[in-house]
Amino acid sequence: MNIHQTFSLPTWIAGLTLAGLSIALPALTSAPAPAAIAARSKAVLAVETLTPSRQDWPTTIKVNGAVAAWQEAKIGAEIGSLRIKQVLVDVGDRVKRGQDLAVLADDTVVAELHKQQASVDKSRANLAKARADAARAREIQDSGALSSQKIDEYVIAEQTARADLALAEAELENQRIRLRQTHIVASDDGVISARSAGLGDVVAAGTELFRLVRQGRVEWRAEVNAQQLAQIRPGQTVELSLADGGRVSGTVRMTAPTVDDTTRNALVYVDIPSAAAKPGMYLQGSIAVADHAALAVPQTALVLRDGRDYLFEIAAPSGAADPNAKSVIQRSVVTGRRVGDWVEIREGIAADARLVASGGAFLKDGDIVSVTPKI
């Protein structure tokens, strides 16, 4: 075998290999291009869009305070040394003005009343006799049968008897008042908040027996500093957070005319529904002091990731075959106030931005979405 015959076979094989590579390389570089384009234009989610809404929202002051009775009346005994023979109400009972709350034993008072009635009858009889004597004396005063001194005595006796009768009648009325005072009555409509009256207790005059929340009204007394006090006016709306998670609305009735010289705080008196909270509760609330414009979006549009809030803004992709297919841009935003299901956006988006209304938790920056036309 000569030298040309020895090396002709490998050279022929190398030529075939190079030729095959030259044919295969164009296929390797051009085949993935259509798939990549399709992948980039395929929507991962169908979404609806919205634009931020401009709304007038109240600026609020968050403060704490205690619930208290609007006014609490103390009800006690007006006469003393009498035993309680009946207790008719208990704590929590709703009562009407003039209703009996307790009754004192009235035996001695009734006896004194009868005694004084007899004294009135006696005084009335004495007056009748004195009046008759004086009348006869006047009839014969010109006849000289009686001296002027004697006649004056009869006239003075009549006046004295009239005064004695008036005194006896006044004392009789006093005994009637004492008899009425054996009935301890409600001074106003309201709810019994405390009771110290016990059956059989002998009470002294002025002893407190009951406490009454007048008209059942309660109020929230918010503690505010001087700066906050300057922003609060009667009639402003207040929202209270209750212990059970509920909320109740109230209205500012008045602000305290002075600031406490120890705490440097003042009280704001807020009327609230009587059934909303009990006196003694300590609650947090917010007072709406002014209205300010807010750029707001629904809560559903927000996505919370890594402790930050995001919105997804719609932007048209390049080379998309579907006109409804859009790409999204993840925007980091700064939120503010919240009212119901709406959230204020303070920074991060333009007022006319088109945003994904919901489902942002399934998206990431640059994803393609299919925008659903609004019906």
# chains A, B, ... in the order shown; residues from 1 in each chain; ligands from 1
>>> residues_around(residues="A:Arg94", least_positions_apart="6", cutoff="7 Å", atoms="only C-alpha atoms", output="PyMOL selection string")
chain A and resi 190-192
>>> residues_around(residues="stretch 232-235 of chain A", least_positions_apart="6", cutoff="10 Å", atoms="only C-alpha atoms", output="PDB file with N, CA and C atoms, in the first residue's frame")
ATOM      1  N   ILE A  61     -57.773  60.968  64.688  1.00  0.00           N
ATOM      2  CA  ILE A  61     -56.875  60.958  65.839  1.00  0.00           C
ATOM      3  C   ILE A  61     -57.216  59.734  66.668  1.00  0.00           C
ATOM      4  N   VAL A 224     -57.009  63.317  75.602  1.00  0.00           N
ATOM      5  CA  VAL A 224     -56.239  63.885  74.497  1.00  0.00           C
ATOM      6  C   VAL A 224     -55.270  64.927  75.037  1.00  0.00           C
ATOM      7  N   GLY A 250     -70.000  57.081  67.558  1.00  0.00           N
ATOM      8  CA  GLY A 250     -70.460  58.072  68.525  1.00  0.00           C
ATOM      9  C   GLY A 250     -70.253  59.468  67.971  1.00  0.00           C
ATOM     10  N   THR A 251     -70.621  60.468  68.784  1.00  0.00           N
ATOM     11  CA  THR A 251     -70.514  61.867  68.380  1.00  0.00           C
ATOM     12  C   THR A 251     -69.926  62.678  69.522  1.00  0.00           C
ATOM     13  N   VAL A 252     -68.972  63.545  69.194  1.00  0.00           N
ATOM     14  CA  VAL A 252     -68.393  64.418  70.213  1.00  0.00           C
ATOM     15  C   VAL A 252     -69.469  65.382  70.720  1.00  0.00           C
ATOM     16  N   ARG A 253     -69.719  65.357  72.031  1.00  0.00           N
ATOM     17  CA  ARG A 253     -70.705  66.268  72.620  1.00  0.00           C
ATOM     18  C   ARG A 253     -70.049  67.572  73.078  1.00  0.00           C
ATOM     19  N   MET A 254     -68.917  67.460  73.737  1.00  0.00           N
ATOM     20  CA  MET A 254     -68.222  68.643  74.225  1.00  0.00           C
ATOM     21  C   MET A 254     -66.788  68.282  74.592  1.00  0.00           C
ATOM     22  N   THR A 255     -65.958  69.295  74.732  1.00  0.00           N
ATOM     23  CA  THR A 255     -64.584  69.106  75.198  1.00  0.00           C
ATOM     24  C   THR A 255     -64.439  69.784  76.550  1.00  0.00           C
ATOM     25  N   VAL A 268     -62.431  64.552  76.320  1.00  0.00           N
ATOM     26  CA  VAL A 268     -63.419  64.799  75.264  1.00  0.00           C
ATOM     27  C   VAL A 268     -64.605  63.885  75.550  1.00  0.00           C
ATOM     28  N   TYR A 269     -65.794  64.466  75.650  1.00  0.00           N
ATOM     29  CA  TYR A 269     -66.991  63.717  76.017  1.00  0.00           C
ATOM     30  C   TYR A 269     -67.741  63.316  74.744  1.00  0.00           C
ATOM     31  N   VAL A 270     -67.899  61.999  74.566  1.00  0.00           N
ATOM     32  CA  VAL A 270     -68.483  61.451  73.335  1.00  0.00           C
ATOM     33  C   VAL A 270     -69.741  60.658  73.687  1.00  0.00           C
ATOM     34  N   ASP A 271     -70.852  61.031  73.086  1.00  0.00           N
ATOM     35  CA  ASP A 271     -72.100  60.284  73.271  1.00  0.00           C
ATOM     36  C   ASP A 271     -72.053  59.002  72.458  1.00  0.00           C
ATOM     37  N   ILE A 287     -61.122  59.679  66.312  1.00  0.00           N
ATOM     38  CA  ILE A 287     -61.970  60.853  66.126  1.00  0.00           C
ATOM     39  C   ILE A 287     -61.653  61.455  64.763  1.00  0.00           C
ATOM     40  N   ALA A 288     -62.670  61.564  63.907  1.00  0.00           N
ATOM     41  CA  ALA A 288     -62.493  62.147  62.574  1.00  0.00           C
ATOM     42  C   ALA A 288     -62.485  63.666  62.697  1.00  0.00           C
ATOM     43  N   VAL A 289     -61.328  64.288  62.439  1.00  0.00           N
ATOM     44  CA  VAL A 289     -61.198  65.725  62.670  1.00  0.00           C
ATOM     45  C   VAL A 289     -61.242  66.554  61.389  1.00  0.00           C
ATOM     46  N   ALA A 290     -60.951  65.948  60.218  1.00  0.00           N
ATOM     47  CA  ALA A 290     -60.975  66.697  58.955  1.00  0.00           C
ATOM     48  C   ALA A 290     -61.015  65.726  57.793  1.00  0.00           C
TER      49      ALA A 290
END
>>> residues_around(residues="A:Val203", least_positions_apart="6", cutoff="7 Å", atoms="only C-alpha atoms", output="PyMOL selection string")
chain A and resi 80-83
>>> write_last_selection(atoms="N, CA, C and O atoms", output="PDB file, in the first residue's frame")
ATOM      1  N   GLY A  80     -84.392  59.246 109.059  1.00  0.00           N
ATOM      2  CA  GLY A  80     -83.529  58.250 109.676  1.00  0.00           C
ATOM      3  C   GLY A  80     -84.202  57.445 110.755  1.00  0.00           C
ATOM      4  O   GLY A  80     -85.376  57.663 111.099  1.00  0.00           O
ATOM      5  N   SER A  81     -83.440  56.477 111.268  1.00  0.00           N
ATOM      6  CA  SER A  81     -83.864  55.598 112.369  1.00  0.00           C
ATOM      7  C   SER A  81     -85.046  54.725 111.998  1.00  0.00           C
ATOM      8  O   SER A  81     -85.854  54.361 112.870  1.00  0.00           O
ATOM      9  N   LEU A  82     -85.174  54.417 110.721  1.00  0.00           N
ATOM     10  CA  LEU A  82     -86.239  53.536 110.268  1.00  0.00           C
ATOM     11  C   LEU A  82     -85.627  52.321 109.588  1.00  0.00           C
ATOM     12  O   LEU A  82     -84.571  52.391 108.968  1.00  0.00           O
ATOM     13  N   ARG A  83     -86.338  51.211 109.699  1.00  0.00           N
ATOM     14  CA  ARG A  83     -85.872  49.937 109.165  1.00  0.00           C
ATOM     15  C   ARG A  83     -86.380  49.741 107.742  1.00  0.00           C
ATOM     16  O   ARG A  83     -87.517  50.098 107.411  1.00  0.00           O
TER      17      ARG A  83
END
>>> atom_distance(atom1="atom CA of A:Asp106", atom2="atom CA of A:Thr182")
6.3 Å
>>> residues_around(residues="A:Val110", least_positions_apart="3", cutoff="12 Å", atoms="only C-alpha atoms", output="MDAnalysis selection string")
chainID A and resid 104:107 113:117 172 174:182
>>> write_last_selection(atoms="N, CA and C atoms", output="mmCIF file, in the first residue's frame")
data_model
loop_
_atom_site.group_PDB
_atom_site.id
_atom_site.type_symbol
_atom_site.label_atom_id
_atom_site.label_comp_id
_atom_site.auth_asym_id
_atom_site.auth_seq_id
_atom_site.Cartn_x
_atom_site.Cartn_y
_atom_site.Cartn_z
ATOM 1 N N LEU A 104 -89.481 51.843 103.701
ATOM 2 C CA LEU A 104 -89.083 51.808 105.098
ATOM 3 C C LEU A 104 -90.295 51.499 105.975
ATOM 4 N N ALA A 105 -90.039 50.912 107.112
ATOM 5 C CA ALA A 105 -91.118 50.654 108.076
ATOM 6 C C ALA A 105 -91.699 51.994 108.531
ATOM 7 N N ASP A 106 -93.020 52.146 108.428
ATOM 8 C CA ASP A 106 -93.648 53.444 108.673
ATOM 9 C C ASP A 106 -94.547 53.469 109.896
ATOM 10 N N ASP A 107 -94.458 52.475 110.802
ATOM 11 C CA ASP A 107 -95.375 52.413 111.944
ATOM 12 C C ASP A 107 -95.302 53.675 112.796
ATOM 13 N N LEU A 113 -98.428 60.817 112.644
ATOM 14 C CA LEU A 113 -99.383 61.477 111.764
ATOM 15 C C LEU A 113 -100.757 61.533 112.413
ATOM 16 N N HIS A 114 -101.192 60.440 113.001
ATOM 17 C CA HIS A 114 -102.502 60.415 113.672
ATOM 18 C C HIS A 114 -102.525 61.368 114.862
ATOM 19 N N LYS A 115 -101.427 61.397 115.615
ATOM 20 C CA LYS A 115 -101.333 62.295 116.757
ATOM 21 C C LYS A 115 -101.455 63.747 116.316
ATOM 22 N N GLN A 116 -100.787 64.084 115.239
ATOM 23 C CA GLN A 116 -100.821 65.447 114.754
ATOM 24 C C GLN A 116 -102.179 65.788 114.163
ATOM 25 N N GLN A 117 -102.861 64.808 113.598
ATOM 26 C CA GLN A 117 -104.205 65.046 113.086
ATOM 27 C C GLN A 117 -105.143 65.418 114.229
ATOM 28 N N LEU A 172 -98.820 68.812 110.600
ATOM 29 C CA LEU A 172 -99.500 67.670 109.993
ATOM 30 C C LEU A 172 -98.966 67.404 108.588
ATOM 31 N N ASN A 174 -96.035 68.177 107.557
ATOM 32 C CA ASN A 174 -94.687 67.651 107.740
ATOM 33 C C ASN A 174 -94.709 66.150 107.980
ATOM 34 N N GLN A 175 -95.668 65.689 108.770
ATOM 35 C CA GLN A 175 -95.785 64.256 109.028
ATOM 36 C C GLN A 175 -96.205 63.495 107.773
ATOM 37 N N ARG A 176 -97.026 64.123 106.947
ATOM 38 C CA ARG A 176 -97.409 63.492 105.686
ATOM 39 C C ARG A 176 -96.187 63.360 104.764
ATOM 40 N N ILE A 177 -95.342 64.396 104.762
ATOM 41 C CA ILE A 177 -94.112 64.329 103.962
ATOM 42 C C ILE A 177 -93.224 63.206 104.469
ATOM 43 N N ARG A 178 -93.069 63.083 105.787
ATOM 44 C CA ARG A 178 -92.248 62.015 106.356
ATOM 45 C C ARG A 178 -92.797 60.639 105.988
ATOM 46 N N LEU A 179 -94.126 60.547 105.933
ATOM 47 C CA LEU A 179 -94.722 59.267 105.535
ATOM 48 C C LEU A 179 -94.395 58.950 104.079
ATOM 49 N N ARG A 180 -94.443 59.973 103.216
ATOM 50 C CA ARG A 180 -94.069 59.748 101.813
ATOM 51 C C ARG A 180 -92.592 59.386 101.690
ATOM 52 N N GLN A 181 -91.770 59.933 102.564
ATOM 53 C CA GLN A 181 -90.330 59.665 102.506
ATOM 54 C C GLN A 181 -89.972 58.246 102.938
ATOM 55 N N THR A 182 -90.909 57.527 103.494
ATOM 56 C CA THR A 182 -90.633 56.114 103.791
ATOM 57 C C THR A 182 -90.597 55.275 102.516
#
>>> residues_around(residues="A:Pro52", least_positions_apart="5", cutoff="9 Å", atoms="only C-alpha atoms", output="PyMOL selection string")
chain A and resi 295-298+345+349-355
>>> closest_residue(among="A:Ser187, A:Thr160, A:Thr262, A:Thr49", to="A:Ala128", atoms="only C-alpha atoms")
A:Thr160
>>> residues_around(residues="A:Gly348", least_positions_apart="3", cutoff="9 Å", atoms="only C-alpha atoms", output="MDAnalysis selection string")
chainID A and resid 310:311 331:334 345
>>> write_last_selection(atoms="C-alpha atoms", output="CSV table (one decimal), in the first residue's frame")
chain,number,residue,atom,x,y,z
A,310,TYR,CA,-47.0,45.8,45.9
A,311,LEU,CA,-49.3,46.6,43.0
A,331,ARG,CA,-44.6,48.4,41.8
A,332,SER,CA,-43.6,48.8,45.4
A,333,VAL,CA,-46.0,51.2,47.1
A,334,VAL,CA,-46.4,53.1,50.4
A,345,ILE,CA,-51.7,54.7,48.3
>>> atom_distance(atom1="atom CA of A:Asp152", atom2="atom CA of A:Glu169")
25.9 Å
>>> residues_around(residues="stretch 360-367 of chain A", least_positions_apart="3", cutoff="6 Å", atoms="only C-alpha atoms", output="list in words")
Val303, Ser327, Val328, Ile329 and Gln330 of chain A
>>> write_last_selection(atoms="C-alpha atoms", output="short mmCIF file (atom, residue, chain, number, x, y, z; two decimals), in the first residue's frame")
data_model
loop_
_atom_site.label_atom_id
_atom_site.label_comp_id
_atom_site.auth_asym_id
_atom_site.auth_seq_id
_atom_site.Cartn_x
_atom_site.Cartn_y
_atom_site.Cartn_z
CA VAL A 303 -50.01 42.05 47.40
CA SER A 327 -47.18 42.41 30.61
CA VAL A 328 -47.23 43.55 34.24
CA ILE A 329 -44.78 45.64 36.25
CA GLN A 330 -44.48 45.02 39.95
#
>>> closest_residue(among="A:Ala266, A:Leu240, A:Ala118, A:Ala256", to="A:Ala226", atoms="only C-alpha atoms")
A:Ala266
>>> atom_distance(atom1="atom CA of A:Pro279", atom2="atom CA of A:Ser196")
18.5 Å
>>> select_by_dssp(residues="stretch 20-145 of chain A", states="strand (DSSP E or B)", output="VMD selection string")
chain A and resid 45 to 47 49 to 50 53 to 69 72 to 76 82 to 87 94 to 95 100 to 104
